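Colleague: One structure, pasted below without further comment.
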Protein chains: 2
Amino acid sequence: MFIIGELINGMYKDIGQAIKEKNKAIIQKCALDQIKAGADALDVNCGPASRQPVSDIQWLVQAIQEVTDKPLALDSSKPQVIESGLQVIKNKAIINSTTADPEKLGVLVPLAKIYNAKLIGLTISTKGIPQNKDQRLELAVTIVASCSEQGFPVEDLYLDPIVLPVNVAQAQMKDILETIYEFKVISEPSPKSIVGLSNVSQGTCVRSLVNRTFLTMAIVSGLDAAILDPTDKDLLDAAITAELILNKQIYCDSYLEAYRRK
Amino acid sequence: MFIIGELINGMYKDIGQAIKEKNKAIIQKCALDQIKAGADALDVNCGPASRQPVSDIQWLVQAIQEVTDKPLALDSSKPQVIESGLQVIKNKAIINSTTADPEKLGVLVPLAKIYNAKLIGLTISTKGIPQNKDQRLELAVTIVASCSEQGFPVEDLYLDPIVLPVNVAQAQMKDILETIYEFKVISEPSPKSIVGLSNVSQGTCVRSLVNRTFLTMAIVSGLDAAILDPTDKDLLDAAITAELILNKQIYCDSYLEAYRRK
């Protein structure tokens, strides 16, 4: 599975403070800690408190690129912030994210093409978050169709079914898992699937347990990628073991360590 | 999920010794510990060292029945040992197990009918353990057909796909998970599915992790029941959380405790 570390986000107090004070060391340590723990890429989000996200994201990208060449997921709901990050990125880029809104697709898909970036597509529209599998798949088809029409390779598209907290949307969880499975049959070649994991456990008392159980279930449903906290060892252990069981990692007695050294 | 506690088995040293010395207190404590941890039923196996399994299983059943009325799974490859246990059982009975061998089906299905017992059917034949999904499903169909012909209700049949250790049969794991899913479409009403869980982690260095990850994956594949160690708290927590995510348990902040008090 392709793991995107979620910790470089201004909503976390230490990161928000580091962005404000332009303290590169904090950001770079957070980047390296996540990579050491097993992250394949890093999410980069200025956070809601940033007053200059257009310049802050450039500063973040440049700080991180000094210590790693892993792909960076530029995370903002504002296309101009994403474009600003793309202007200074040297690492591989992931755009996080577009929705199924035609206006966003019209801006972000061309940007993804110009910068040779992968693209995360949320199955959400201006009408809000879908409430069942059919609505999710309908929005997924809209995103896939727009990518195809605009000449963006669908295999570089990561569809996100929008994971809701289990304590408020328990009846939708099975639908969300099935949606992940069905993303694969939307087109040939298939789009990939991704989840922003931590939302599933929002407000619960056993967050790590809920996160790793849902992730394991999503992996057997065909999940390709996740945005998560790679420093949660139990979470990564579960993901690595699920992939082992699906024969995607080769067994050896020290398979957990071998994965992290990859 | 229907959880059958696996710990009353003569292959474990303390249980083997207790059977030899007819020490009821050890057996009864093991029964109650498993029930307290969340077991819905208890497996009863004299173990390979028992010289008088036909009388030992009667002693075990009687000892356990003094402290609980939970269902008991009479576990032996010898039909006469199972029949002996059935003769003294007052609790609900589960026969563990028949294979797809016509001789065994000819003895054990009638016994299950006479004693109103549920029946575990292993997808294994005199030719040995199947090596792929088609072979597993073929044997499952043989078992289901025999039950139907003999007038045994298929919804009381638990099919076991035979879980192999991940370190020796890694390429078969995905097949085994898919087999669990496909058991459901063999007949209407559907047979149920069960796994003897601990085999999956045999010989690995992280047994509990492999057990709970595989169990979580099997639950999302439709697993109905498992024979496992219910006193492994992390394992039960994973199973309960997987069922929560599938909306089979109602969410509350203390859902883990609520499940165990059920």
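So you can find residues: chains in the structure tokens are A, B, ... in the order shown, residues in each start at 1, and ligands are numbered from 1 in order.
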With 7 Å as the limit and counting only C-alpha atoms, what residues in chain B lie close to chain A? Please list them as an NGL selection string.

Modeller: :B and (166-167 or 170-171 or 173-174 or 204-205 or 210 or 213 or 216-217 or 220 or 238 or 241-242 or 245-247 or 251 or 253)

Colleague: So which residues of range 16-213 of chain B fall under alpha helix (DSSP H) by DSSP, listed as number ranges by chain?

Modeller: B: 16-21, 24-37, 53-65, 79-88, 102-114, 133-149, 173-183, 207-213

Colleague: Assign secondary structure with DSSP using the backbone only, and return the residues of range 120-167 of chain B in strand (DSSP E) as a ChimeraX atom specification.

Modeller: /B:120-122,157-160

Colleague: Report the distance between CA of Cys30 in chain A and CA of Gly121 in chain A in Å, rounded to one decimal place.

Modeller: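 Atom-to-atom, CA of Cys30 in chain A and CA of Gly121 in chain A are spaced 25.9 Å apart.
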
Colleague: Name all residues at most 12 Å from Val67 in chain B (count only C-alpha atoms; drop same-chain ones fewer than 5 positions away) and give them as JSON, numbers by chain.

Modeller: {"B": [24, 25, 26, 27, 28, 29, 30, 31, 32, 33, 35, 60, 61, 62, 91]}

Colleague: Please determine, counting only C-alpha atoms, which residue among A:Glu149, A:Asp40, A:Asp156, A:Asp69 has the shortest atom-to-atom distance to Lys262 in chain A.

Modeller: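 Of A:Glu149, A:Asp40, A:Asp156, A:Asp69, the one nearest Lys262 in chain A, counting only C-alpha atoms, is A:Asp40.
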
Colleague: Can you tell me, as a list in words, what residues are no more than 7 Å from Thr123 in chain A when counting only C-alpha atoms, ignoring any on the same chain fewer than 4 positions away?

Modeller: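 The residues that qualify are Thr99, Ala100, Arg136, Leu139, Ala140, Asp160, Pro161 and Ile162 of chain A.
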
Colleague: Could the residues in this selection be written to a file with all heavy atoms, as an mmCIF file, in the first residue's frame?

Modeller:
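Once written, part39.cif looks like this:
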```
data_model
loop_
_atom_site.group_PDB
_atom_site.id
_atom_site.type_symbol
_atom_site.label_atom_id
_atom_site.label_comp_id
_atom_site.auth_asym_id
_atom_site.auth_seq_id
_atom_site.Cartn_x
_atom_site.Cartn_y
_atom_site.Cartn_z
ATOM 1 N N THR A 99 -12.549 17.800 -6.130
ATOM 2 C CA THR A 99 -13.839 17.157 -5.874
ATOM 3 C C THR A 99 -14.431 16.810 -7.241
ATOM 4 O O THR A 99 -13.749 16.958 -8.271
ATOM 5 C CB THR A 99 -14.793 18.114 -5.135
ATOM 6 O OG1 THR A 99 -15.043 19.235 -6.000
ATOM 7 C CG2 THR A 99 -14.168 18.615 -3.832
ATOM 8 N N ALA A 100 -15.708 16.417 -7.252
ATOM 9 C CA ALA A 100 -16.383 16.146 -8.524
ATOM 10 C C ALA A 100 -17.003 17.422 -9.116
ATOM 11 O O ALA A 100 -17.677 17.371 -10.146
ATOM 12 C CB ALA A 100 -17.461 15.080 -8.343
ATOM 13 N N ARG A 136 -21.803 7.808 -4.233
ATOM 14 C CA ARG A 136 -20.332 7.851 -4.275
ATOM 15 C C ARG A 136 -19.814 7.434 -5.658
ATOM 16 O O ARG A 136 -18.926 8.059 -6.231
ATOM 17 C CB ARG A 136 -19.739 6.920 -3.211
ATOM 18 C CG ARG A 136 -19.846 7.468 -1.802
ATOM 19 C CD ARG A 136 -19.167 6.561 -0.762
ATOM 20 N NE ARG A 136 -18.928 7.316 0.452
ATOM 21 C CZ ARG A 136 -19.831 7.520 1.418
ATOM 22 N NH1 ARG A 136 -21.036 7.006 1.299
ATOM 23 N NH2 ARG A 136 -19.532 8.241 2.474
ATOM 24 N N LEU A 139 -20.385 10.072 -8.411
ATOM 25 C CA LEU A 139 -19.391 11.150 -8.376
ATOM 26 C C LEU A 139 -18.033 10.643 -8.854
ATOM 27 O O LEU A 139 -17.284 11.356 -9.530
ATOM 28 C CB LEU A 139 -19.297 11.725 -6.958
ATOM 29 C CG LEU A 139 -20.564 12.462 -6.489
ATOM 30 C CD1 LEU A 139 -20.481 12.786 -4.996
ATOM 31 C CD2 LEU A 139 -20.782 13.733 -7.293
ATOM 32 N N ALA A 140 -17.709 9.390 -8.519
ATOM 33 C CA ALA A 140 -16.449 8.806 -8.988
ATOM 34 C C ALA A 140 -16.421 8.760 -10.512
ATOM 35 O O ALA A 140 -15.411 9.082 -11.149
ATOM 36 C CB ALA A 140 -16.276 7.404 -8.396
ATOM 37 N N ASP A 160 -11.189 8.889 -3.564
ATOM 38 C CA ASP A 160 -11.401 8.826 -2.106
ATOM 39 C C ASP A 160 -12.909 8.778 -1.842
ATOM 40 O O ASP A 160 -13.628 9.711 -2.205
ATOM 41 C CB ASP A 160 -10.779 10.078 -1.467
ATOM 42 C CG ASP A 160 -10.896 10.086 0.043
ATOM 43 O OD1 ASP A 160 -11.873 9.520 0.572
ATOM 44 O OD2 ASP A 160 -10.027 10.681 0.700
ATOM 45 N N PRO A 161 -13.403 7.691 -1.224
ATOM 46 C CA PRO A 161 -14.858 7.552 -1.015
ATOM 47 C C PRO A 161 -15.404 8.445 0.108
ATOM 48 O O PRO A 161 -16.608 8.456 0.329
ATOM 49 C CB PRO A 161 -15.015 6.085 -0.636
ATOM 50 C CG PRO A 161 -13.735 5.738 0.053
ATOM 51 C CD PRO A 161 -12.665 6.550 -0.653
ATOM 52 N N ILE A 162 -14.552 9.169 0.774
ATOM 53 C CA ILE A 162 -14.909 10.008 1.938
ATOM 54 C C ILE A 162 -15.311 9.121 3.118
ATOM 55 O O ILE A 162 -16.458 8.642 3.216
ATOM 56 C CB ILE A 162 -16.055 11.022 1.673
ATOM 57 C CG1 ILE A 162 -15.773 11.839 0.426
ATOM 58 C CG2 ILE A 162 -16.285 11.906 2.893
ATOM 59 C CD1 ILE A 162 -14.664 12.851 0.534
#
```

Colleague: Could you check how far CA of Phe152 in chain A sits from CA of Val109 in chain A, in Å to one decimal?

Modeller: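 Result for CA of Phe152 in chain A versus CA of Val109 in chain A: 6.9 Å, one decimal.
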
Colleague: Excluding Asn96 in chain B and its own-chain neighbours fewer than 5 positions away, which residues fall within 8 Å of it when counting only C-alpha atoms? Please give them as a list in words.

Modeller: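 Within the cut-off, the hits are Ala73, Leu74, Asp75, Ser76, Ser77, Leu119, Ile120 and Gly121 of chain B.
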
Colleague: Can you write just those residues out, C-alpha atoms, as a PDB file, in the first residue's frame?

Modeller:
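Here's the written file again32.pdb:
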```
ATOM      1  CA  ALA B  73     -18.194 -28.097  20.228  1.00  0.00           C
ATOM      2  CA  LEU B  74     -17.204 -31.758  20.442  1.00  0.00           C
ATOM      3  CA  ASP B  75     -13.865 -31.805  18.684  1.00  0.00           C
ATOM      4  CA  SER B  76     -12.454 -35.081  17.407  1.00  0.00           C
ATOM      5  CA  SER B  77     -11.573 -36.701  14.113  1.00  0.00           C
ATOM      6  CA  LEU B 119     -22.224 -29.303  12.272  1.00  0.00           C
ATOM      7  CA  ILE B 120     -18.801 -28.042  11.209  1.00  0.00           C
ATOM      8  CA  GLY B 121     -17.767 -29.266   7.749  1.00  0.00           C
TER       9      GLY B 121
END
```

Colleague: What is the CA of Gly196 in chain A to CA of Ala112 in chain A distance in Å?

Modeller: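 Those two atoms sit 20.0 Å apart.
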
Colleague: List the spatial neighbours of Pro153 in chain A as a list of chain:residue names - criterion: any atom at most 12 Å away, only C-alpha atoms, same-chain residues fewer than 6 positions off excluded.

Modeller: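 Residues near the query, excluding close chain neighbours: A:Val109, A:Pro110, A:Ala112, A:Lys113, A:Asn116, A:Ala117, A:Lys118, A:Leu119, A:Ile143, A:Val144, A:Ala145, A:Ser146, A:Cys147, A:Ser187, A:Glu188, A:Pro189, A:Ser190, A:Pro191, A:Lys192.
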
Colleague: Excluding Ala39 in chain B and its own-chain neighbours fewer than 3 positions away, which residues fall within 9 Å of it when counting only C-alpha atoms? Please give them as a PDB file with C-alpha atoms, in the first residue's frame.

Modeller:
```pdb
ATOM      1  CA  PHE B   2     -20.047 -16.594  16.981  1.00  0.00           C
ATOM      2  CA  ILE B   3     -16.887 -17.214  19.014  1.00  0.00           C
ATOM      3  CA  ILE B   4     -15.902 -20.726  20.047  1.00  0.00           C
ATOM      4  CA  GLY B   5     -13.161 -20.753  22.698  1.00  0.00           C
ATOM      5  CA  ASP B  33     -12.346 -17.584  31.797  1.00  0.00           C
ATOM      6  CA  GLN B  34     -13.174 -17.993  28.114  1.00  0.00           C
ATOM      7  CA  ILE B  35     -16.846 -17.138  28.607  1.00  0.00           C
ATOM      8  CA  LYS B  36     -15.940 -14.054  30.627  1.00  0.00           C
ATOM      9  CA  LEU B  42     -16.482 -23.818  24.011  1.00  0.00           C
ATOM     10  CA  LYS B  70     -23.072 -22.432  26.687  1.00  0.00           C
ATOM     11  CA  LEU B 228      -9.971 -18.988  18.667  1.00  0.00           C
ATOM     12  CA  ASP B 229      -8.427 -17.929  21.958  1.00  0.00           C
ATOM     13  CA  PRO B 230     -10.966 -15.474  23.382  1.00  0.00           C
ATOM     14  CA  THR B 231      -8.593 -14.474  26.182  1.00  0.00           C
ATOM     15  CA  ARG B 260     -18.319  -8.689  26.562  1.00  0.00           C
TER      16      ARG B 260
END
```
